[in-house]
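Content type CSV, N, CA and C atoms, from the file upload11.csv:
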```csv
chain,number,residue,atom,x,y,z
K,1,SER,N,0.8,-1.2,0.0
K,1,SER,CA,0.0,0.0,0.0
K,1,SER,C,0.9,1.2,0.0
K,2,TYR,N,0.6,2.2,-0.9
K,2,TYR,CA,1.4,3.4,-1.0
K,2,TYR,C,1.0,4.4,0.0
K,3,LYS,N,2.0,4.9,0.7
K,3,LYS,CA,1.7,5.9,1.7
K,3,LYS,C,2.3,7.2,1.3
K,4,VAL,N,1.6,8.3,1.4
K,4,VAL,CA,2.2,9.6,1.1
K,4,VAL,C,3.2,10.0,2.2
K,5,ASN,N,4.4,10.4,1.7
K,5,ASN,CA,5.4,10.8,2.7
K,5,ASN,C,5.0,12.2,3.3
K,6,PRO,N,4.8,12.2,4.6
K,6,PRO,CA,4.3,13.4,5.2
K,6,PRO,C,5.3,14.6,5.2
K,7,ILE,N,6.6,14.3,5.0
K,7,ILE,CA,7.6,15.3,5.1
K,7,ILE,C,7.8,16.1,3.8
K,8,LEU,N,7.6,15.4,2.7
K,8,LEU,CA,8.0,16.1,1.5
K,8,LEU,C,6.8,16.9,0.9
K,9,HIS,N,6.8,18.1,1.3
K,9,HIS,CA,5.8,19.1,0.9
K,9,HIS,C,6.2,19.6,-0.5
K,10,PRO,N,5.5,19.3,-1.5
K,10,PRO,CA,5.9,19.8,-2.9
K,10,PRO,C,6.1,21.3,-2.8
K,11,GLY,N,7.2,21.7,-3.5
K,11,GLY,CA,7.4,23.2,-3.6
K,11,GLY,C,8.3,23.7,-2.5
K,12,ASP,N,8.4,23.1,-1.4
K,12,ASP,CA,9.3,23.5,-0.3
K,12,ASP,C,10.7,22.9,-0.6
K,13,SER,N,11.7,23.6,-0.6
K,13,SER,CA,13.0,23.0,-0.7
K,13,SER,C,13.5,22.6,0.7
K,14,LEU,N,13.7,21.3,0.8
K,14,LEU,CA,14.1,20.7,2.1
K,14,LEU,C,15.5,20.4,2.2
K,15,ARG,N,16.3,20.7,1.1
K,15,ARG,CA,17.7,20.3,1.1
K,15,ARG,C,18.4,21.0,2.2
K,16,GLY,N,19.0,20.2,3.1
K,16,GLY,CA,19.8,20.8,4.1
K,16,GLY,C,19.0,21.5,5.2
K,17,LYS,N,17.7,21.2,5.2
K,17,LYS,CA,16.8,21.9,6.2
K,17,LYS,C,17.2,21.7,7.6
K,18,TYR,N,17.6,20.4,7.9
K,18,TYR,CA,18.0,20.1,9.3
K,18,TYR,C,19.5,19.9,9.5
K,19,LYS,N,19.9,20.3,10.7
K,19,LYS,CA,21.4,20.2,10.9
K,19,LYS,C,21.8,18.9,11.5
K,20,TYR,N,20.9,18.1,12.1
K,20,TYR,CA,21.3,16.9,12.8
K,20,TYR,C,20.1,15.9,12.8
K,21,ALA,N,20.4,14.7,12.8
K,21,ALA,CA,19.4,13.7,12.9
K,21,ALA,C,19.9,12.5,13.8
K,22,VAL,N,18.9,12.0,14.6
K,22,VAL,CA,19.2,10.9,15.4
K,22,VAL,C,18.2,9.8,15.1
K,23,LEU,N,18.7,8.6,14.7
K,23,LEU,CA,17.8,7.5,14.5
K,23,LEU,C,17.9,6.6,15.8
K,24,THR,N,16.7,6.4,16.4
K,24,THR,CA,16.8,5.5,17.6
K,24,THR,C,16.0,4.2,17.3
K,25,TYR,N,16.4,3.2,17.9
K,25,TYR,CA,15.7,1.9,17.7
K,25,TYR,C,15.9,1.1,19.0
K,26,ASP,N,14.9,0.2,19.2
K,26,ASP,CA,15.0,-0.7,20.4
K,26,ASP,C,15.6,-2.0,19.9
K,27,LYS,N,16.7,-2.5,20.5
K,27,LYS,CA,17.4,-3.7,20.2
K,27,LYS,C,16.4,-4.9,20.2
K,28,ASN,N,15.5,-4.9,21.1
K,28,ASN,CA,14.6,-6.0,21.3
K,28,ASN,C,13.5,-6.1,20.3
K,29,SER,N,13.2,-5.0,19.5
K,29,SER,CA,12.1,-5.0,18.6
K,29,SER,C,12.5,-4.7,17.2
K,30,LEU,N,13.8,-4.6,16.9
K,30,LEU,CA,14.3,-4.2,15.6
K,30,LEU,C,13.9,-5.2,14.5
K,31,GLU,N,13.9,-6.5,14.9
K,31,GLU,CA,13.6,-7.6,13.9
K,31,GLU,C,12.2,-7.4,13.4
K,32,HIS,N,11.3,-6.7,14.0
K,32,HIS,CA,10.0,-6.5,13.5
K,32,HIS,C,10.0,-5.4,12.4
K,33,TYR,N,11.1,-4.7,12.3
K,33,TYR,CA,11.1,-3.6,11.3
K,33,TYR,C,12.3,-3.8,10.3
K,34,GLY,N,12.1,-4.8,9.5
K,34,GLY,CA,13.1,-5.3,8.6
K,34,GLY,C,13.8,-4.3,7.7
K,35,GLU,N,13.0,-3.3,7.2
K,35,GLU,CA,13.5,-2.3,6.3
K,35,GLU,C,14.5,-1.4,7.1
K,36,THR,N,14.1,-1.0,8.3
K,36,THR,CA,14.9,-0.2,9.1
K,36,THR,C,16.2,-0.9,9.5
K,37,LYS,N,16.0,-2.2,9.8
K,37,LYS,CA,17.2,-3.1,10.2
K,37,LYS,C,18.1,-3.1,9.0
K,38,ASP,N,17.6,-3.3,7.8
K,38,ASP,CA,18.5,-3.3,6.6
K,38,ASP,C,19.2,-2.0,6.4
K,39,PHE,N,18.5,-0.9,6.7
K,39,PHE,CA,19.1,0.4,6.5
K,39,PHE,C,20.3,0.5,7.5
K,40,ILE,N,20.0,0.1,8.8
K,40,ILE,CA,21.0,0.3,9.8
K,40,ILE,C,22.2,-0.6,9.5
K,41,GLU,N,22.0,-1.8,9.0
K,41,GLU,CA,23.1,-2.7,8.7
K,41,GLU,C,23.8,-2.4,7.4
K,42,ARG,N,23.1,-1.8,6.4
K,42,ARG,CA,23.8,-1.6,5.1
K,42,ARG,C,24.0,-0.2,4.7
K,43,ASP,N,23.2,0.8,5.2
K,43,ASP,CA,23.3,2.1,4.6
K,43,ASP,C,23.9,3.2,5.6
K,44,VAL,N,23.9,2.9,6.9
K,44,VAL,CA,24.3,3.9,7.8
K,44,VAL,C,25.7,4.5,7.5
K,45,ASN,N,26.6,3.6,7.1
K,45,ASN,CA,28.0,4.0,6.8
K,45,ASN,C,28.0,4.9,5.6
K,46,ASP,N,27.2,4.6,4.6
K,46,ASP,CA,27.1,5.5,3.5
K,46,ASP,C,26.7,6.9,3.9
K,47,VAL,N,25.6,7.0,4.7
K,47,VAL,CA,25.1,8.3,5.1
K,47,VAL,C,26.1,9.0,5.9
K,48,LEU,N,26.8,8.3,6.8
K,48,LEU,CA,27.8,8.9,7.6
K,48,LEU,C,29.0,9.4,6.8
K,49,SER,N,29.3,8.7,5.7
K,49,SER,CA,30.5,9.1,4.9
K,49,SER,C,30.1,10.4,4.1
K,50,PHE,N,28.8,10.6,3.8
K,50,PHE,CA,28.4,11.8,3.0
K,50,PHE,C,28.1,13.0,4.0
K,51,LYS,N,27.6,12.6,5.1
K,51,LYS,CA,27.0,13.7,6.0
K,51,LYS,C,27.9,13.9,7.2
K,52,GLY,N,28.7,13.0,7.6
K,52,GLY,CA,29.6,13.2,8.8
K,52,GLY,C,29.0,12.8,10.1
K,53,GLU,N,29.8,12.4,11.0
K,53,GLU,CA,29.3,12.0,12.3
K,53,GLU,C,28.8,13.1,13.2
K,54,ASN,N,29.1,14.4,12.8
K,54,ASN,CA,28.5,15.5,13.5
K,54,ASN,C,27.2,15.9,12.9
K,55,ARG,N,26.6,15.1,12.1
K,55,ARG,CA,25.3,15.4,11.5
K,55,ARG,C,24.3,14.3,11.8
K,56,PHE,N,24.8,13.1,12.0
K,56,PHE,CA,23.8,11.9,12.1
K,56,PHE,C,24.4,10.9,13.0
K,57,ARG,N,23.5,10.3,13.8
K,57,ARG,CA,23.9,9.1,14.6
K,57,ARG,C,22.8,8.2,14.8
K,58,VAL,N,23.1,7.0,15.1
K,58,VAL,CA,22.2,5.9,15.3
K,58,VAL,C,22.3,5.5,16.8
K,59,VAL,N,21.2,5.4,17.5
K,59,VAL,CA,21.3,5.1,18.9
K,59,VAL,C,20.4,3.9,19.2
K,60,ALA,N,21.0,2.8,19.7
K,60,ALA,CA,20.3,1.6,20.1
K,60,ALA,C,19.9,1.7,21.6
K,61,THR,N,18.6,1.5,21.8
K,61,THR,CA,18.2,1.5,23.2
K,61,THR,C,17.7,0.1,23.5
K,62,GLU,N,17.6,-0.2,24.8
K,62,GLU,CA,17.1,-1.5,25.1
K,62,GLU,C,16.0,-1.4,26.1
K,63,SER,N,14.8,-1.9,25.7
K,63,SER,CA,13.6,-1.7,26.6
K,63,SER,C,13.8,-2.8,27.7
K,64,PRO,N,13.5,-2.4,28.9
K,64,PRO,CA,13.5,-3.4,30.0
K,64,PRO,C,12.4,-4.4,29.7
K,65,GLY,N,12.6,-5.5,30.4
K,65,GLY,CA,11.5,-6.5,30.3
K,65,GLY,C,10.2,-5.9,31.0
K,66,MET,N,9.1,-6.6,30.9
K,66,MET,CA,7.9,-6.2,31.5
K,66,MET,C,8.0,-6.3,33.0
K,67,ASP,N,7.9,-5.2,33.7
K,67,ASP,CA,7.8,-5.3,35.1
K,67,ASP,C,6.3,-4.9,35.5
K,68,ALA,N,6.0,-5.0,36.8
K,68,ALA,CA,4.6,-4.8,37.3
K,68,ALA,C,4.1,-3.4,36.9
K,69,GLU,N,5.0,-2.4,37.1
K,69,GLU,CA,4.5,-1.0,36.8
K,69,GLU,C,4.2,-0.9,35.3
K,70,MET,N,5.0,-1.4,34.5
K,70,MET,CA,4.8,-1.3,33.0
K,70,MET,C,3.5,-2.0,32.7
K,71,MET,N,3.2,-3.2,33.3
K,71,MET,CA,2.0,-3.9,33.0
K,71,MET,C,0.8,-3.1,33.4
K,72,ARG,N,0.9,-2.4,34.5
K,72,ARG,CA,-0.2,-1.6,35.0
K,72,ARG,C,-0.4,-0.4,34.1
K,73,MET,N,0.7,0.2,33.6
K,73,MET,CA,0.5,1.3,32.7
K,73,MET,C,-0.2,0.8,31.4
K,74,MET,N,0.2,-0.4,30.9
K,74,MET,CA,-0.4,-0.9,29.7
K,74,MET,C,-1.9,-1.1,29.9
K,75,MET,N,-2.2,-1.6,31.0
K,75,MET,CA,-3.6,-1.9,31.3
K,75,MET,C,-4.4,-0.6,31.3
K,76,MET,N,-3.8,0.5,31.7
K,76,MET,CA,-4.5,1.8,31.7
K,76,MET,C,-4.5,2.4,30.3
K,77,GLY,N,-3.7,1.8,29.4
K,77,GLY,CA,-3.7,2.3,28.0
K,77,GLY,C,-2.8,3.5,27.8
K,78,VAL,N,-1.9,3.7,28.7
K,78,VAL,CA,-1.0,4.9,28.6
K,78,VAL,C,-0.1,4.7,27.3
K,79,MET,N,0.2,3.4,27.1
K,79,MET,CA,1.2,3.2,26.1
K,79,MET,C,0.6,2.8,24.7
K,80,MET,N,-0.6,3.2,24.5
K,80,MET,CA,-1.3,2.9,23.2
K,80,MET,C,-0.5,3.5,22.0
K,81,GLY,N,0.2,4.6,22.3
K,81,GLY,CA,1.0,5.2,21.2
K,81,GLY,C,2.3,4.4,20.9
K,82,GLY,N,2.5,3.3,21.5
K,82,GLY,CA,3.7,2.6,21.3
K,82,GLY,C,4.9,3.3,21.7
K,83,GLY,N,5.0,3.8,22.9
K,83,GLY,CA,6.0,4.6,23.5
K,83,GLY,C,7.4,4.1,23.3
K,84,GLY,N,8.3,4.4,24.2
K,84,GLY,CA,9.7,4.0,24.0
K,84,GLY,C,9.9,2.5,24.3
K,85,PHE,N,9.0,1.8,24.8
K,85,PHE,CA,9.2,0.4,25.1
K,85,PHE,C,9.0,-0.5,23.9
K,86,GLY,N,10.0,-0.7,23.2
K,86,GLY,CA,9.9,-1.6,22.1
K,86,GLY,C,9.1,-1.0,21.0
K,87,GLY,N,8.9,0.3,20.9
K,87,GLY,CA,8.2,0.9,19.9
K,87,GLY,C,8.9,0.9,18.6
K,88,PRO,N,8.4,1.4,17.5
K,88,PRO,CA,9.0,1.4,16.2
K,88,PRO,C,10.3,2.3,16.3
K,89,PRO,N,11.2,2.1,15.4
K,89,PRO,CA,12.4,3.0,15.2
K,89,PRO,C,11.9,4.4,14.9
K,90,LYS,N,12.6,5.4,15.3
K,90,LYS,CA,12.2,6.7,14.9
K,90,LYS,C,13.3,7.6,14.6
K,91,LEU,N,13.0,8.6,13.8
K,91,LEU,CA,14.0,9.5,13.4
K,91,LEU,C,13.7,10.9,14.0
K,92,MET,N,14.6,11.5,14.7
K,92,MET,CA,14.4,12.8,15.2
K,92,MET,C,15.3,13.8,14.4
K,93,LEU,N,14.7,14.9,13.9
K,93,LEU,CA,15.4,15.8,13.1
K,93,LEU,C,15.5,17.2,13.8
K,94,PHE,N,16.7,17.7,13.9
K,94,PHE,CA,17.0,18.9,14.6
K,94,PHE,C,17.4,20.1,13.7
K,95,GLU,N,16.8,21.2,13.9
K,95,GLU,CA,17.0,22.4,13.0
K,95,GLU,C,18.3,23.2,13.4
K,96,LYS,N,18.8,22.9,14.6
K,96,LYS,CA,20.0,23.7,14.9
K,96,LYS,C,21.0,22.7,15.6
K,97,LYS,N,22.2,23.2,15.8
K,97,LYS,CA,23.2,22.4,16.5
K,97,LYS,C,23.0,22.5,18.0
K,98,LYS,N,23.3,21.5,18.7
K,98,LYS,CA,23.2,21.5,20.1
K,98,LYS,C,24.2,22.4,20.7
K,99,LYS,N,23.8,23.2,21.7
K,99,LYS,CA,24.7,24.1,22.4
K,99,LYS,C,25.8,23.2,23.1
K,100,GLY,N,27.0,23.7,23.1
K,100,GLY,CA,28.1,22.9,23.8
K,100,GLY,C,28.8,22.0,22.8
K,101,GLY,N,28.3,22.0,21.6
K,101,GLY,CA,29.0,21.2,20.5
K,101,GLY,C,28.8,19.7,20.5
K,102,ARG,N,28.1,19.2,21.6
K,102,ARG,CA,27.9,17.8,21.6
K,102,ARG,C,26.7,17.5,20.7
K,103,GLY,N,26.6,16.3,20.2
K,103,GLY,CA,25.5,15.9,19.3
K,103,GLY,C,24.2,15.7,20.1
K,104,TRP,N,23.1,15.8,19.5
K,104,TRP,CA,21.8,15.5,20.1
K,104,TRP,C,21.7,14.0,20.4
K,105,SER,N,20.9,13.7,21.3
K,105,SER,CA,20.7,12.3,21.7
K,105,SER,C,19.2,11.9,21.8
K,106,GLU,N,18.9,10.7,22.1
K,106,GLU,CA,17.5,10.2,22.2
K,106,GLU,C,16.8,11.0,23.3
K,107,GLU,N,17.5,11.6,24.3
K,107,GLU,CA,16.8,12.3,25.4
K,107,GLU,C,16.3,13.6,24.9
K,108,ASP,N,16.7,14.1,23.8
K,108,ASP,CA,16.4,15.5,23.3
K,108,ASP,C,15.1,15.5,22.4
K,109,GLU,N,14.3,14.5,22.5
K,109,GLU,CA,13.1,14.4,21.6
K,109,GLU,C,12.3,15.7,21.6
K,110,GLU,N,12.1,16.3,22.8
K,110,GLU,CA,11.2,17.5,22.8
K,110,GLU,C,11.8,18.7,22.1
K,111,GLU,N,13.1,18.7,21.8
K,111,GLU,CA,13.8,19.8,21.1
K,111,GLU,C,13.7,19.6,19.6
K,112,ALA,N,13.4,18.4,19.2
K,112,ALA,CA,13.4,18.0,17.7
K,112,ALA,C,12.4,18.9,16.9
K,113,GLY,N,12.8,19.3,15.7
K,113,GLY,CA,11.9,20.0,14.9
K,113,GLY,C,10.9,19.0,14.3
K,114,GLU,N,11.2,17.8,14.1
K,114,GLU,CA,10.3,16.8,13.6
K,114,GLU,C,10.7,15.4,14.1
K,115,VAL,N,9.8,14.6,14.5
K,115,VAL,CA,10.0,13.2,14.9
K,115,VAL,C,9.2,12.3,14.1
K,116,ILE,N,9.8,11.4,13.4
K,116,ILE,CA,9.1,10.5,12.4
K,116,ILE,C,9.2,9.1,12.9
K,117,SER,N,8.1,8.4,13.0
K,117,SER,CA,8.1,7.0,13.3
K,117,SER,C,8.4,6.3,11.9
K,118,LEU,N,9.4,5.4,12.0
K,118,LEU,CA,9.8,4.7,10.8
K,118,LEU,C,9.0,3.4,10.5
K,119,ARG,N,8.0,3.2,11.2
K,119,ARG,CA,7.1,2.0,11.0
K,119,ARG,C,6.6,2.1,9.6
K,120,GLY,N,6.9,1.0,8.8
K,120,GLY,CA,6.4,0.9,7.4
K,120,GLY,C,7.3,1.7,6.4
K,121,TRP,N,8.3,2.3,6.8
K,121,TRP,CA,9.2,3.0,5.9
K,121,TRP,C,10.1,2.0,5.1
K,122,LYS,N,10.4,2.3,3.9
K,122,LYS,CA,11.3,1.5,3.1
K,122,LYS,C,12.7,2.0,3.3
K,123,ARG,N,13.7,1.0,3.2
K,123,ARG,CA,15.1,1.3,3.5
K,123,ARG,C,15.6,2.5,2.6
K,124,GLU,N,15.2,2.5,1.3
K,124,GLU,CA,15.7,3.5,0.4
K,124,GLU,C,15.1,4.9,0.8
K,125,ASP,N,13.9,4.9,1.2
K,125,ASP,CA,13.2,6.1,1.6
K,125,ASP,C,13.9,6.8,2.8
K,126,ILE,N,14.3,6.0,3.8
K,126,ILE,CA,15.0,6.5,4.9
K,126,ILE,C,16.3,7.1,4.5
K,127,LYS,N,17.1,6.4,3.6
K,127,LYS,CA,18.3,6.9,3.2
K,127,LYS,C,18.2,8.2,2.3
K,128,ASP,N,17.2,8.2,1.4
K,128,ASP,CA,17.0,9.4,0.6
K,128,ASP,C,16.6,10.6,1.4
K,129,MET,N,15.8,10.3,2.5
K,129,MET,CA,15.4,11.4,3.3
K,129,MET,C,16.6,12.1,4.0
K,130,LEU,N,17.4,11.2,4.6
K,130,LEU,CA,18.6,11.7,5.3
K,130,LEU,C,19.5,12.4,4.3
K,131,MET,N,19.7,11.9,3.2
K,131,MET,CA,20.6,12.5,2.2
K,131,MET,C,20.1,13.8,1.7
K,132,THR,N,18.8,14.0,1.7
K,132,THR,CA,18.2,15.3,1.3
K,132,THR,C,18.2,16.3,2.4
K,133,LEU,N,17.7,15.9,3.6
K,133,LEU,CA,17.5,16.8,4.7
K,133,LEU,C,18.7,17.3,5.4
K,134,LEU,N,19.8,16.5,5.4
K,134,LEU,CA,21.0,16.9,6.2
K,134,LEU,C,22.0,17.5,5.2
K,135,PRO,N,22.7,18.6,5.7
K,135,PRO,CA,23.7,19.2,4.9
K,135,PRO,C,24.9,18.2,4.8
K,136,SER,N,25.6,18.3,3.7
K,136,SER,CA,26.8,17.4,3.5
K,136,SER,C,27.9,17.8,4.4
K,137,ALA,N,28.8,16.8,4.7
K,137,ALA,CA,29.9,17.1,5.6
K,137,ALA,C,30.9,18.0,5.0
```

Mind turning the file's structure into structure tokens?
Amino acid sequence: SYKVNPILHPGDSLRGKYKYAVLTYDKNSLEHYGETKDFIERDVNDVLSFKGENRFRVVATESPGMDAEMMRMMMMGVMMGGGGFGGPPKLMLFEKKKKGGRGWSEEDEEEAGEVISLRGWKREDIKDMLMTLLPSA
């Protein structure tokens, strides 16, 4: 099924729009997202070679096992959005560099200009998006 890419607004030039991107994924659920897994295994080094490590990074997180508190939260429906616990990989795009020169990380989600769930994305589309949106090294 074809899905319209929500980011590519026709007519707006997005080339180099963002300064930094962080792709986060959960080690325990990555196998459910084969295209993203392929991107991480095969294409990340390409993107890094064109964009540089001060523009893009991949962060693996590990969701804890289910504990009683998490079960209770799920029962209440808090995690219907598929939160950080084994949720889909996501891409956070930042419009400016982080103060202090360090790169952005998965904790900076509220600062991101755009956060995209990569559920259902194709490997080539993830790569094309990063190659377009981030300035070259």

Practice task
Work out how far apart atom N of Met129 in chain K and atom N of Ser29 in chain K are and give it in Å to one decimal.
Solution key: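 Between atom N of Met129 in chain K and atom N of Ser29 in chain K the gap is 23.0 Å.
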
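Between CA of Ser136 in chain K and atom N of Leu91 in chain K the separation is 19.3 Å.
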
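The interatomic distance for the pair CA of Gly100 in chain K and atom C of Glu53 in chain K works out to 14.5 Å.
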
Practice task
Could you tell me which of K:Gly34, K:Gly52, K:Gly103, K:Gly87 comes closest to Gly120 in chain K if we count only C-alpha atoms?
Solution key: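 When distances to Gly120 in chain K are compared using only C-alpha atoms, the smallest one comes from K:Gly34.
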
Exercise for the section: Tell me which of K:Lys90, K:Glu114, K:Asp26, K:Lys19 sits closest to Arg55 in chain K, counting only N, CA and C atoms. Expected result: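 Selected residue with least distance to Arg55 in chain K: K:Lys19.
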
Exercise for the section: Have a look at K:Tyr20, K:Val58, K:Ile126, K:Leu118 and name the one nearest to Lys98 in chain K; count all atoms listed in the file. Expected result: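 For Lys98 in chain K, the nearest of the given residues is K:Tyr20.
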
Problem - All alpha helix (DSSP H) residues (DSSP, backbone) inside range 29-66 of chain K, as a ChimeraX atom specification - result: /K:34-38,44-51

Practice task
Between K:Ser49, K:Ser117, K:Thr61, K:Asn28, single out the one closest to Ser105 in chain K, counting only C-alpha atoms.
Solution key: K:Thr61

Handout entry: Top pick for closest residue to Glu106 in chain K, considering K:Glu31, K:Val59, K:Leu133, K:Asp38 and counting all atoms listed in the file
Key = K:Val59

Practice task
Write out as a ChimeraX atom specification which residues come within 8 Å of range 44-47 of chain K when counting all atoms listed in the file, dropping same-chain ones fewer than 3 positions away.
Solution key: /K:38-41,50-53,56,127,130-131

Practice task
Using only C-alpha atoms, determine which residues lie at most 12 Å from Val115 in chain K, disregarding the query and same-chain residues fewer than 4 positions distant; provide the list as a PyMOL selection string.
Solution key: chain K and resi 6-7+18+21-24+88-95+106+108-111

Handout entry: Nearest-residue call for Arg102 in chain K, choices K:Arg57, K:Asp128, K:Pro135, K:Lys122, using only C-alpha atoms
Key =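 For Arg102 in chain K, the nearest of the given residues is K:Arg57.
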